[in-house]
file input18.tsv (TSV, C-alpha atoms)
chain	number	residue	atom	x	y	z
A	250	MET	CA	0.00	0.00	0.00
A	251	SER	CA	2.73	2.41	0.84
A	252	ASN	CA	4.57	1.65	-2.37
A	253	LEU	CA	1.55	2.42	-4.47
A	254	SER	CA	0.94	5.68	-2.69
A	255	ASN	CA	4.50	6.73	-3.19
A	256	ARG	CA	4.41	5.99	-6.90
A	257	SER	CA	1.28	8.05	-7.46
A	258	GLU	CA	2.78	10.94	-5.63
A	259	GLN	CA	6.07	10.67	-7.46
A	260	ASN	CA	4.52	10.33	-10.96
A	261	PRO	CA	1.37	12.44	-11.07
A	262	PRO	CA	-0.78	12.04	-14.24
A	263	GLU	CA	-0.07	14.47	-17.08
A	264	PRO	CA	-2.96	16.86	-17.83
A	265	ALA	CA	-4.60	16.49	-21.25
A	266	PHE	CA	-3.98	19.32	-23.79
A	267	THR	CA	-7.00	21.52	-24.20
A	268	ASP	CA	-7.81	24.64	-26.34
A	269	PRO	CA	-8.78	27.45	-24.02
A	270	ALA	CA	-11.14	28.92	-26.67
A	271	ARG	CA	-12.97	25.65	-27.18
A	272	SER	CA	-12.91	24.49	-23.64
A	273	ALA	CA	-14.34	27.70	-22.25
A	274	PRO	CA	-18.08	27.21	-21.70
A	275	PRO	CA	-20.43	29.77	-23.23
A	276	PRO	CA	-21.87	32.37	-20.93
A	277	VAL	CA	-24.86	31.10	-19.09
A	278	ASN	CA	-27.78	33.17	-18.08
A	279	PRO	CA	-28.11	32.38	-14.44
A	280	GLU	CA	-31.89	32.64	-14.70
A	281	ARG	CA	-32.46	30.64	-17.93
A	282	ARG	CA	-29.60	28.20	-17.51
A	283	TYR	CA	-28.70	27.91	-21.27
A	284	PRO	CA	-25.97	29.55	-23.40
A	285	VAL	CA	-26.71	33.06	-24.71
A	286	GLU	CA	-25.57	34.02	-28.26
A	287	PRO	CA	-24.32	37.56	-28.87
A	288	TYR	CA	-27.13	39.90	-30.25
A	289	ARG	CA	-26.39	41.30	-33.73
A	290	GLY	CA	-29.87	42.37	-35.03
A	291	ARG	CA	-29.60	46.02	-34.11
A	292	GLY	CA	-26.45	46.63	-36.14
A	293	ASP	CA	-27.89	44.92	-39.24
A	294	GLY	CA	-31.14	46.95	-38.99
A	295	ILE	CA	-29.30	50.27	-38.87
A	296	LYS	CA	-27.18	49.29	-41.86
A	297	GLY	CA	-30.32	48.34	-43.90
A	298	PHE	CA	-32.04	51.60	-42.98
A	299	PHE	CA	-29.13	53.71	-44.26
A	300	LEU	CA	-28.89	51.63	-47.47
A	301	GLY	CA	-32.61	52.18	-48.11
A	302	VAL	CA	-32.29	55.92	-47.59
A	303	LEU	CA	-29.31	56.03	-49.96
A	304	PHE	CA	-31.19	54.05	-52.66
A	305	THR	CA	-34.23	56.35	-52.38
A	306	LEU	CA	-32.02	59.42	-52.78
A	307	LEU	CA	-30.38	57.92	-55.88
A	308	LEU	CA	-33.78	57.17	-57.47
A	309	GLY	CA	-34.99	60.69	-56.74
A	310	ALA	CA	-31.86	62.18	-58.27
A	311	ALA	CA	-32.25	60.05	-61.43
A	312	ALA	CA	-35.93	61.00	-61.83
A	313	GLY	CA	-35.16	64.67	-61.33
A	314	GLY	CA	-32.38	64.52	-63.91
A	315	ALA	CA	-34.67	62.87	-66.48
A	316	TYR	CA	-37.39	65.49	-65.91
A	317	TRP	CA	-34.89	68.34	-66.22
A	318	PHE	CA	-33.52	66.86	-69.48
A	319	ALA	CA	-37.03	66.47	-70.93
A	320	GLN	CA	-37.94	70.07	-70.04
A	321	ARG	CA	-34.74	71.37	-71.55
A	322	GLN	CA	-35.29	69.37	-74.74
A	323	ALA	CA	-38.87	70.68	-75.05
A	324	ALA	CA	-37.66	74.25	-74.56
A	325	SER	CA	-35.00	73.72	-77.22
A	326	ASN	CA	-37.58	72.37	-79.69
A	327	GLN	CA	-39.91	75.29	-78.98
A	328	ALA	CA	-37.14	77.77	-79.59
A	329	ALA	CA	-36.25	76.05	-82.89
A	330	ASN	CA	-39.90	76.00	-84.06
A	331	PRO	CA	-41.84	78.90	-82.49
A	332	SER	CA	-45.04	78.10	-84.44
A	333	ALA	CA	-45.30	74.62	-82.91
A	334	PRO	CA	-47.42	74.21	-79.76
A	335	ALA	CA	-45.53	74.30	-76.48
A	336	SER	CA	-46.66	70.82	-75.52
A	337	ALA	CA	-48.52	68.01	-77.20
A	338	PRO	CA	-52.21	67.76	-76.34
A	339	ASP	CA	-53.33	64.93	-74.15
A	340	ALA	CA	-55.51	63.48	-76.91
A	341	THR	CA	-55.23	63.85	-80.67
A	342	THR	CA	-58.50	64.63	-82.43
A	343	LEU	CA	-58.54	63.28	-85.98
A	344	PRO	CA	-60.99	64.60	-88.57
A	345	ALA	CA	-63.87	62.29	-89.33
A	346	PRO	CA	-63.40	60.42	-92.63
A	347	PRO	CA	-65.57	61.79	-95.40
A	348	ALA	CA	-68.63	59.79	-96.33
A	349	PRO	CA	-68.21	57.81	-99.55
A	350	PRO	CA	-69.91	59.48	-102.52
A	351	THR	CA	-72.97	57.85	-104.05
A	352	ASN	CA	-74.46	57.85	-107.55
A	353	LEU	CA	-71.26	58.79	-109.34
A	354	ASP	CA	-71.03	59.57	-113.05
A	355	THR	CA	-67.46	58.80	-114.14
A	356	ASP	CA	-66.09	60.38	-117.28
A	357	SER	CA	-63.79	57.78	-118.85
A	358	THR	CA	-61.74	60.41	-120.65
A	359	THR	CA	-60.73	62.27	-117.49
A	360	GLY	CA	-61.26	59.76	-114.69
A	361	THR	CA	-63.13	62.37	-112.63
A	362	ALA	CA	-66.45	61.78	-110.93
A	363	ALA	CA	-69.38	64.06	-110.23
A	364	PRO	CA	-72.47	63.32	-108.12
A	365	ILE	CA	-75.77	62.73	-109.88
A	366	ALA	CA	-79.01	63.71	-108.18
A	367	THR	CA	-81.15	60.66	-107.40
A	368	GLU	CA	-84.25	62.62	-108.35
A	369	PRO	CA	-83.22	65.26	-110.93
A	370	ASP	CA	-85.00	68.56	-111.13
A	371	SER	CA	-87.74	68.23	-113.76
A	372	SER	CA	-87.88	71.94	-114.59
A	373	PRO	CA	-86.22	72.96	-117.89
A	374	ASP	CA	-82.85	74.68	-117.75
A	375	ALA	CA	-81.90	77.93	-119.49
A	376	ALA	CA	-81.50	76.09	-122.81
A	377	GLY	CA	-84.94	74.49	-122.51
A	378	PHE	CA	-83.73	70.97	-121.61
A	379	THR	CA	-85.57	68.94	-119.00
A	380	PRO	CA	-82.95	67.05	-116.91
A	381	LEU	CA	-83.01	63.24	-117.14
A	382	ASN	CA	-80.94	60.44	-115.69
A	383	LEU	CA	-81.48	57.33	-117.82
A	384	GLN	CA	-78.80	54.79	-118.71
A	385	ALA	CA	-78.37	51.55	-120.68
A	386	ASN	CA	-75.38	49.19	-120.46
A	387	HIS	CA	-74.22	46.89	-123.26
A	388	ALA	CA	-72.55	43.49	-123.04
A	389	ASN	CA	-69.44	44.80	-124.84
A	390	GLY	CA	-68.75	47.19	-121.94
A	391	SER	CA	-70.21	50.36	-123.47
A	392	THR	CA	-72.78	52.63	-121.86
A	393	LEU	CA	-75.26	55.22	-123.14
A	394	ARG	CA	-76.87	57.85	-120.92
A	395	VAL	CA	-79.66	60.32	-121.64
A	396	THR	CA	-79.27	63.40	-119.43
A	397	GLY	CA	-81.85	65.79	-120.93
A	398	ILE	CA	-84.61	66.27	-123.49
A	399	SER	CA	-85.98	69.27	-125.35
A	400	VAL	CA	-89.05	69.14	-127.60
A	401	GLY	CA	-89.15	71.91	-130.20
A	402	ASP	CA	-90.93	72.83	-133.39
A	403	GLY	CA	-90.28	69.88	-135.73
A	404	ILE	CA	-87.37	68.45	-133.73
A	405	ILE	CA	-86.67	66.47	-130.55
A	406	THR	CA	-83.23	66.89	-129.02
A	407	LEU	CA	-81.60	64.52	-126.54
A	408	LYS	CA	-78.51	65.23	-124.47
A	409	MET	CA	-76.54	61.97	-124.59
A	410	VAL	CA	-73.25	60.62	-123.21
A	411	ILE	CA	-71.75	57.53	-124.91
A	412	THR	CA	-68.73	55.73	-123.45
A	413	ASN	CA	-67.02	52.97	-125.43
A	414	GLY	CA	-65.77	50.26	-123.07
A	415	HIS	CA	-65.08	47.88	-125.97
A	416	ASP	CA	-61.59	47.22	-127.35
A	417	GLU	CA	-62.66	48.31	-130.87
A	418	PRO	CA	-64.53	51.35	-132.23
A	419	ILE	CA	-68.31	51.18	-132.04
A	420	THR	CA	-71.03	52.91	-134.09
A	421	LEU	CA	-74.55	53.92	-133.08
A	422	GLN	CA	-76.08	53.69	-136.56
A	423	GLU	CA	-75.50	52.48	-140.09
A	424	GLN	CA	-77.13	53.55	-143.34
A	425	ASN	CA	-79.75	50.79	-143.17
A	426	SER	CA	-79.95	50.62	-139.37
A	427	PRO	CA	-80.44	54.13	-138.00
A	428	ALA	CA	-80.71	55.39	-134.44
A	429	ILE	CA	-84.32	56.41	-133.82
A	430	LEU	CA	-86.83	57.66	-131.27
A	431	LYS	CA	-90.19	55.88	-131.15
A	432	ASP	CA	-93.12	57.28	-129.19
A	433	ASP	CA	-95.76	55.29	-127.32
A	434	LEU	CA	-98.11	55.70	-130.30
A	435	GLY	CA	-95.71	53.99	-132.70
A	436	ASN	CA	-94.41	57.09	-134.47
A	437	VAL	CA	-90.70	57.10	-135.45
A	438	TYR	CA	-88.27	60.05	-135.37
A	439	ASN	CA	-84.90	59.54	-137.12
A	440	LEU	CA	-81.56	60.84	-135.91
A	441	VAL	CA	-80.10	63.67	-137.97
A	442	ALA	CA	-76.53	62.44	-138.43
A	443	PRO	CA	-73.76	65.02	-138.14
A	444	PRO	CA	-71.86	65.39	-141.44
A	445	ASP	CA	-68.44	64.87	-139.87
A	446	ASN	CA	-69.46	61.63	-138.10
A	447	PRO	CA	-72.53	60.18	-139.84
A	448	ASN	CA	-72.29	56.77	-138.16
A	449	ILE	CA	-71.67	58.24	-134.67
A	450	THR	CA	-68.37	56.37	-134.26
A	451	VAL	CA	-66.85	56.23	-130.75
A	452	ASN	CA	-63.25	55.06	-130.33
A	453	PRO	CA	-62.18	52.63	-127.56
A	454	ASN	CA	-61.93	54.12	-124.05
A	455	THR	CA	-63.45	57.36	-125.30
A	456	THR	CA	-66.53	59.29	-124.20
A	457	VAL	CA	-68.64	61.32	-126.63
A	458	ARG	CA	-71.24	63.73	-125.33
A	459	GLY	CA	-73.49	66.19	-127.09
A	460	ASP	CA	-76.98	67.21	-128.27
A	461	PHE	CA	-78.44	64.70	-130.73
A	462	VAL	CA	-81.30	65.96	-132.91
A	463	PHE	CA	-84.16	63.73	-134.14
A	464	SER	CA	-86.36	65.10	-136.90
A	465	GLY	CA	-90.15	65.22	-136.75
A	466	GLN	CA	-92.92	66.93	-134.89
A	467	LEU	CA	-93.83	65.12	-131.67
A	468	ALA	CA	-97.34	63.68	-131.87
A	469	PRO	CA	-99.72	65.73	-129.68
A	470	ASN	CA	-100.95	62.71	-127.72
A	471	ALA	CA	-97.52	61.05	-127.26
A	472	THR	CA	-96.32	60.96	-123.68
A	473	THR	CA	-93.18	58.78	-123.73
A	474	LEU	CA	-90.35	57.94	-126.11
A	475	THR	CA	-87.98	54.99	-126.60
A	476	LEU	CA	-84.42	55.45	-127.89
A	477	LEU	CA	-82.98	52.70	-130.11
A	478	THR	CA	-79.48	52.66	-131.63
A	479	ASN	CA	-78.70	50.41	-134.63
A	480	SER	CA	-82.44	49.84	-134.59
A	481	LYS	CA	-82.57	47.13	-137.30
A	482	PHE	CA	-79.31	45.18	-137.18
A	483	GLY	CA	-77.78	46.08	-133.83
A	484	GLY	CA	-75.97	43.37	-131.85
A	485	ASP	CA	-76.33	42.27	-128.24
A	486	ALA	CA	-73.14	40.16	-127.98
A	487	SER	CA	-70.01	41.14	-126.08
A	488	PHE	CA	-68.05	41.39	-129.37
A	489	SER	CA	-70.61	43.64	-131.11
A	490	LYS	CA	-69.21	46.75	-132.76
A	491	ASP	CA	-72.72	47.99	-133.58
A	492	PRO	CA	-74.36	47.77	-130.12
A	493	LYS	CA	-78.12	48.02	-129.87
A	494	PHE	CA	-79.01	50.29	-126.96
A	495	ALA	CA	-82.62	50.66	-125.86
A	496	ILE	CA	-83.79	53.27	-123.34
A	497	ALA	CA	-87.55	53.38	-122.76
A	498	ASN	CA	-89.90	55.67	-120.81
A	499	ILE	CA	-88.26	58.92	-121.82
A	500	PRO	CA	-90.83	61.57	-120.86
A	501	ALA	CA	-91.95	63.53	-123.87
A	502	LYS	CA	-93.82	66.22	-121.93

call {"tool": "encode", "arguments": {"input": "input18.tsv", "output": "structure tokens"}}
result
Amino acid sequence: MSNLSNRSEQNPPEPAFTDPARSAPPPVNPERRYPVEPYRGRGDGIKGFFLGVLFTLLLGAAAGGAYWFAQRQAASNQAANPSAPASAPDATTLPAPPAPPTNLDTDSTTGTAAPIATEPDSSPDAAGFTPLNLQANHANGSTLRVTGISVGDGIITLKMVITNGHDEPITLQEQNSPAILKDDLGNVYNLVAPPDNPNITVNPNTTVRGDFVFSGQLAPNATTLTLLTNSKFGGDASFSKDPKFAIANIPAK
């Protein structure tokens, strides 16, 4: 027993190596009895607040710079163009589109169009013509319009407009197939052919207009007339060069 006691006193056990930082126990709240971590939230909150204030100031400075640049540019444009308005209106008012025209009479020689009254005035004009608006179309693409009539002593005059839509010249009458007026009683009034154009020839894509005279005294009891071109041998086909136009119910009085 004494030998063992002497040995333990002579050779005491060596202490184990320990790290003071690791071996030191964390601070303990004497009331809660568990380790307390250091509090860092206050410092992080202050740092975030100052960063937010700085970001807001930068945004405000950028917006102010953009507004100042826009105002300066507008002032520069106004100085360069004094007649222009100082600022653009909030809403642009566009003019209403014009209504499409109706009942157009197109002149093939000029390409212009003029409105035609749906119900023309029936009173005679200064030249004694009663306005009319009667039209016939042919299969070869040509048209004939009667725009007025005047009944005189021994003659009947029609204002006519002929447009040749065919690819060859057309004629309104031949020697044995004249253009005529026929009243509702069966009486016939022949066209007085002009000496410079006895057949009333109209070239392709050309419009001829004028006063066409028919000889004869209108029968007292006649009330309507019918116009016939190439009255005997006129053609109705699309290739006809002697188209037969027929316009009925022309008022004679």

call {"tool": "atom_distance", "arguments": {"input": "input18.tsv", "atom1": "atom CA of Ala376 of chain A", "atom2": "atom CA of Ser464 of chain A"}}
result
18.5 Å

call {"tool": "closest_residue", "arguments": {"input": "input18.tsv", "among": "A:Asn454, A:Asn413, A:Thr473, A:Thr406", "to": "Asn386 of chain A", "atoms": "all atoms listed in the file"}}
result
A:Asn413

call {"tool": "closest_residue", "arguments": {"input": "input18.tsv", "among": "A:Ile411, A:Leu306, A:Thr455, A:Ile405", "to": "Tyr438 of chain A", "atoms": "all atoms listed in the file"}}
result
A:Ile405

call {"tool": "closest_residue", "arguments": {"input": "input18.tsv", "among": "A:Thr305, A:Leu421, A:Gly377, A:Asn382", "to": "Gly484 of chain A", "atoms": "only C-alpha atoms"}}
result
A:Leu421

call {"tool": "atom_distance", "arguments": {"input": "input18.tsv", "atom1": "atom CA of Ser426 of chain A", "atom2": "atom CA of Pro492 of chain A"}}
result
11.2 Å

call {"tool": "closest_residue", "arguments": {"input": "input18.tsv", "among": "A:Gly301, A:Gly483, A:Gly397, A:Pro500", "to": "Asn425 of chain A", "atoms": "all atoms listed in the file"}}
result
A:Gly483

call {"tool": "atom_distance", "arguments": {"input": "input18.tsv", "atom1": "atom CA of Val451 of chain A", "atom2": "atom CA of Val410 of chain A"}}
result
10.8 Å

call {"tool": "residues_around", "arguments": {"input": "input18.tsv", "residues": "Val457 of chain A", "least_positions_apart": "3", "cutoff": "12 Å", "atoms": "only C-alpha atoms", "output": "mmCIF file with C-alpha atoms, in the coordinates of the input"}}
result
data_model
loop_
_atom_site.group_PDB
_atom_site.id
_atom_site.type_symbol
_atom_site.label_atom_id
_atom_site.label_comp_id
_atom_site.auth_asym_id
_atom_site.auth_seq_id
_atom_site.Cartn_x
_atom_site.Cartn_y
_atom_site.Cartn_z
ATOM 1 C CA ASP A 356 -66.090 60.380 -117.280
ATOM 2 C CA SER A 357 -63.790 57.780 -118.850
ATOM 3 C CA THR A 358 -61.740 60.410 -120.650
ATOM 4 C CA SER A 391 -70.210 50.360 -123.470
ATOM 5 C CA THR A 392 -72.780 52.630 -121.860
ATOM 6 C CA LEU A 393 -75.260 55.220 -123.140
ATOM 7 C CA ARG A 394 -76.870 57.850 -120.920
ATOM 8 C CA LYS A 408 -78.510 65.230 -124.470
ATOM 9 C CA MET A 409 -76.540 61.970 -124.590
ATOM 10 C CA VAL A 410 -73.250 60.620 -123.210
ATOM 11 C CA ILE A 411 -71.750 57.530 -124.910
ATOM 12 C CA THR A 412 -68.730 55.730 -123.450
ATOM 13 C CA ASN A 413 -67.020 52.970 -125.430
ATOM 14 C CA GLY A 414 -65.770 50.260 -123.070
ATOM 15 C CA ILE A 419 -68.310 51.180 -132.040
ATOM 16 C CA THR A 420 -71.030 52.910 -134.090
ATOM 17 C CA LEU A 421 -74.550 53.920 -133.080
ATOM 18 C CA ASN A 446 -69.460 61.630 -138.100
ATOM 19 C CA ILE A 449 -71.670 58.240 -134.670
ATOM 20 C CA THR A 450 -68.370 56.370 -134.260
ATOM 21 C CA VAL A 451 -66.850 56.230 -130.750
ATOM 22 C CA ASN A 452 -63.250 55.060 -130.330
ATOM 23 C CA PRO A 453 -62.180 52.630 -127.560
ATOM 24 C CA ASN A 454 -61.930 54.120 -124.050
ATOM 25 C CA ASP A 460 -76.980 67.210 -128.270
ATOM 26 C CA PHE A 461 -78.440 64.700 -130.730
#

call {"tool": "residues_near_point", "arguments": {"input": "input18.tsv", "point": "(-98.0, 65.0, -130.8)", "cutoff": "10 Å", "atoms": "all atoms listed in the file", "output": "count of residues only"}}
result
13

call {"tool": "closest_residue", "arguments": {"input": "input18.tsv", "among": "A:Ala385, A:Phe463, A:Thr456, A:Thr478", "to": "Ile398 of chain A", "atoms": "only C-alpha atoms"}}
result
A:Phe463

call {"tool": "closest_residue", "arguments": {"input": "input18.tsv", "among": "A:Leu383, A:Val462, A:Ile404, A:Ile429", "to": "Ile496 of chain A", "atoms": "all atoms listed in the file"}}
result
A:Leu383
